[in-house]
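Data first, discussion second: the structure below is written as structure tokens.
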Amino acid sequence: MDGKLVLHDLPGSKRVGELIKVLEELYHKRVPVVVWVDDEGRRQILDDYLWTYSRLGFLPHSVWAASMGVVDDPVVLVGEEGTPNGAKVLVVGDGFPPLNWAGSFETVHDFIPPGEEGEKRRDLWHQFGEDQ
């Protein structure tokens with residue numbers, strides 16, 4: 001991987017709170033982001049959550065399908081390879097993205113849960129980086 005990999009250690013198995021913090025920070029810096037969520041059901045849950053998690057605001061975003069083409073939304077949820085908003089930053093919301101595609105981003109953020117699951121996830125990223 002040629003870009004920067006940012007691994008966020010999670011205090012527990014839930015990632016949505018940390019995911020929102022990262023997305024808000026990037027949004028306020030006006031950085032377009034693609035969020036990988038490979039499961040369609042979880043993608044829909046995250047979509048709903050981004051509209052309702054705060055009484056005082058929301059993160060402008062869209063759920064993208066290849067048939068939509070290019071979009072202007074600063075945050076785009078995807079479950080297939082694509083950078084419809086020209087993002088150079090990938091945030092892994094759920095699942096594991098295709099590694100060659102993930103490696104094409106300037107920055108990748110992922111969330112590492114505690115324990116064995118987190119160690120495996122961290123190792124996979126490090127192995128991918130060494131293979132590039």
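Going through the structure tokens in order, the chains are called A, B, and so on, while each chain numbers its residues from 1 and the ligands are numbered from 1 in the order shown.
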Note to self: To test your reading of the structure, identify every residue in segment 40-116 of chain A that backbone DSSP assigns to strand (DSSP E or B), and report it as a list in words.
What the structure shows: Ser54, Gly57, His61, Ser62, Val63, Val75, Val76, Leu77, Val78, Val89, Leu90, Val91, Val92, Gly93, Asp94, Thr107, Val108, His109, Asp110, Phe111 and Ile112 of chain A
Notebook entry, point to check: Looking at only C-alpha atoms, which of A:Gly3, A:Gly41, A:Gly69, A:Pro74 is the one that sits closest to Leu23 of chain A?
Noted result: A:Pro74
Notebook entry, point to check: In Å to one decimal, how far is atom CA of Asp47 of chain A from atom CA of Val34 of chain A?
Noted result: 12.9 Å
Next item on the list: Determine the nearest neighbour of Glu81 of chain A from the options A:Phe58, A:Trp51, A:Trp125, A:Trp36, counting only C-alpha atoms.
Entry: A:Trp36
Surrounding residues of His8 of chain A excluding itself and chain neighbours under 3 positions, 12 Å, only C-alpha atoms, as an mmCIF file with N, CA and C atoms, in the first residue's frame:
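Once written, around02.cif looks like this:
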data_model
loop_
_atom_site.group_PDB
_atom_site.id
_atom_site.type_symbol
_atom_site.label_atom_id
_atom_site.label_comp_id
_atom_site.auth_asym_id
_atom_site.auth_seq_id
_atom_site.Cartn_x
_atom_site.Cartn_y
_atom_site.Cartn_z
ATOM 1 N N LEU A 5 -1.884 4.448 6.062
ATOM 2 C CA LEU A 5 -2.847 3.589 6.746
ATOM 3 C C LEU A 5 -2.984 4.084 8.178
ATOM 4 N N PRO A 11 -12.185 0.683 21.732
ATOM 5 C CA PRO A 11 -12.228 0.255 23.123
ATOM 6 C C PRO A 11 -13.029 -1.038 23.316
ATOM 7 N N GLY A 12 -13.917 -1.338 22.378
ATOM 8 C CA GLY A 12 -14.749 -2.540 22.427
ATOM 9 C C GLY A 12 -15.041 -2.988 21.010
ATOM 10 N N ARG A 15 -18.041 -0.186 16.544
ATOM 11 C CA ARG A 15 -17.215 0.761 15.807
ATOM 12 C C ARG A 15 -17.938 2.028 15.396
ATOM 13 N N GLY A 17 -19.425 4.567 16.840
ATOM 14 C CA GLY A 17 -19.086 5.822 17.500
ATOM 15 C C GLY A 17 -17.765 6.389 17.006
ATOM 16 N N GLU A 18 -16.767 5.528 16.883
ATOM 17 C CA GLU A 18 -15.460 5.957 16.383
ATOM 18 C C GLU A 18 -15.537 6.304 14.898
ATOM 19 N N LEU A 19 -16.322 5.551 14.165
ATOM 20 C CA LEU A 19 -16.517 5.832 12.739
ATOM 21 C C LEU A 19 -17.102 7.231 12.540
ATOM 22 N N LYS A 21 -16.908 9.792 14.565
ATOM 23 C CA LYS A 21 -15.897 10.801 14.916
ATOM 24 C C LYS A 21 -14.951 11.064 13.744
ATOM 25 N N VAL A 22 -14.479 10.009 13.118
ATOM 26 C CA VAL A 22 -13.560 10.153 11.984
ATOM 27 C C VAL A 22 -14.267 10.831 10.808
ATOM 28 N N VAL A 91 -12.605 5.089 4.276
ATOM 29 C CA VAL A 91 -12.863 4.719 5.653
ATOM 30 C C VAL A 91 -13.581 3.376 5.626
ATOM 31 N N VAL A 92 -13.034 2.400 6.316
ATOM 32 C CA VAL A 92 -13.626 1.061 6.330
ATOM 33 C C VAL A 92 -14.665 1.028 7.443
ATOM 34 N N GLY A 93 -15.930 0.993 7.036
ATOM 35 C CA GLY A 93 -17.023 0.988 7.997
ATOM 36 C C GLY A 93 -17.393 -0.403 8.458
ATOM 37 N N VAL A 108 -6.179 5.447 4.149
ATOM 38 C CA VAL A 108 -7.190 4.458 4.521
ATOM 39 C C VAL A 108 -7.292 4.449 6.040
ATOM 40 N N HIS A 109 -8.519 4.582 6.541
ATOM 41 C CA HIS A 109 -8.798 4.479 7.973
ATOM 42 C C HIS A 109 -9.522 3.167 8.219
ATOM 43 N N ASP A 110 -9.066 2.418 9.204
ATOM 44 C CA ASP A 110 -9.786 1.219 9.619
ATOM 45 C C ASP A 110 -9.817 1.186 11.144
ATOM 46 N N PHE A 111 -10.722 0.395 11.667
ATOM 47 C CA PHE A 111 -10.979 0.342 13.107
ATOM 48 C C PHE A 111 -10.653 -1.058 13.606
ATOM 49 N N ILE A 112 -9.812 -1.109 14.621
ATOM 50 C CA ILE A 112 -9.287 -2.382 15.099
ATOM 51 C C ILE A 112 -9.894 -2.718 16.460
ATOM 52 N N PRO A 113 -10.724 -3.767 16.512
ATOM 53 C CA PRO A 113 -11.304 -4.167 17.803
ATOM 54 C C PRO A 113 -10.239 -4.833 18.676
ATOM 55 N N PRO A 114 -10.498 -4.911 19.967
ATOM 56 C CA PRO A 114 -9.542 -5.574 20.849
ATOM 57 C C PRO A 114 -9.526 -7.087 20.611
ATOM 58 N N GLY A 118 -8.972 -8.254 16.308
ATOM 59 C CA GLY A 118 -8.210 -7.066 15.973
ATOM 60 C C GLY A 118 -6.798 -7.391 15.516
ATOM 61 N N ARG A 121 -6.936 -8.564 11.963
ATOM 62 C CA ARG A 121 -7.205 -7.451 11.053
ATOM 63 C C ARG A 121 -5.939 -6.609 10.848
ATOM 64 N N ARG A 122 -5.262 -6.303 11.930
ATOM 65 C CA ARG A 122 -4.019 -5.526 11.860
ATOM 66 C C ARG A 122 -2.972 -6.279 11.028
#
Next item on the list: Rank nothing, just name the residue among A:Glu117, A:Glu25, A:Asp94, A:Asp123 nearest to Ile45 of chain A, using only C-alpha atoms.
Entry: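 Closest to Ile45 of chain A, using only C-alpha atoms: A:Asp94.
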Check: When DSSP works through the backbone of this structure, what residues of segment 2-79 of chain A end up as alpha helix (DSSP H), shown as a ChimeraX atom specification?
Finding: /A:16-28,40-52
Check: What is the atom CA of Ser67 of chain A to atom CA of Thr107 of chain A distance in Å?
Finding: 25.6 Å
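Proximity ranking of A:Leu124, A:Val70, A:Ser104, A:Ser62 relative to Leu7 of chain A places A:Leu124 first, based on only C-alpha atoms.
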Checklist line | Which residue of A:Tyr27, A:Tyr53, A:Phe96, A:Phe128 approaches Val76 of chain A most closely, using only C-alpha atoms | finding: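 Of the candidates, the smallest distance to Val76 of chain A is held by A:Tyr27.
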Item checked: Best match for closeness to Pro97 of chain A among A:Val37, A:Val71, A:Leu56, A:Leu46, counting only C-alpha atoms -> A:Val37
Next item on the list: Record the distance separating atom CA of Ala87 of chain A and atom CA of Glu40 of chain A, expressed in Å with one decimal.
Entry: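 Separation between atom CA of Ala87 of chain A and atom CA of Glu40 of chain A: 20.8 Å.
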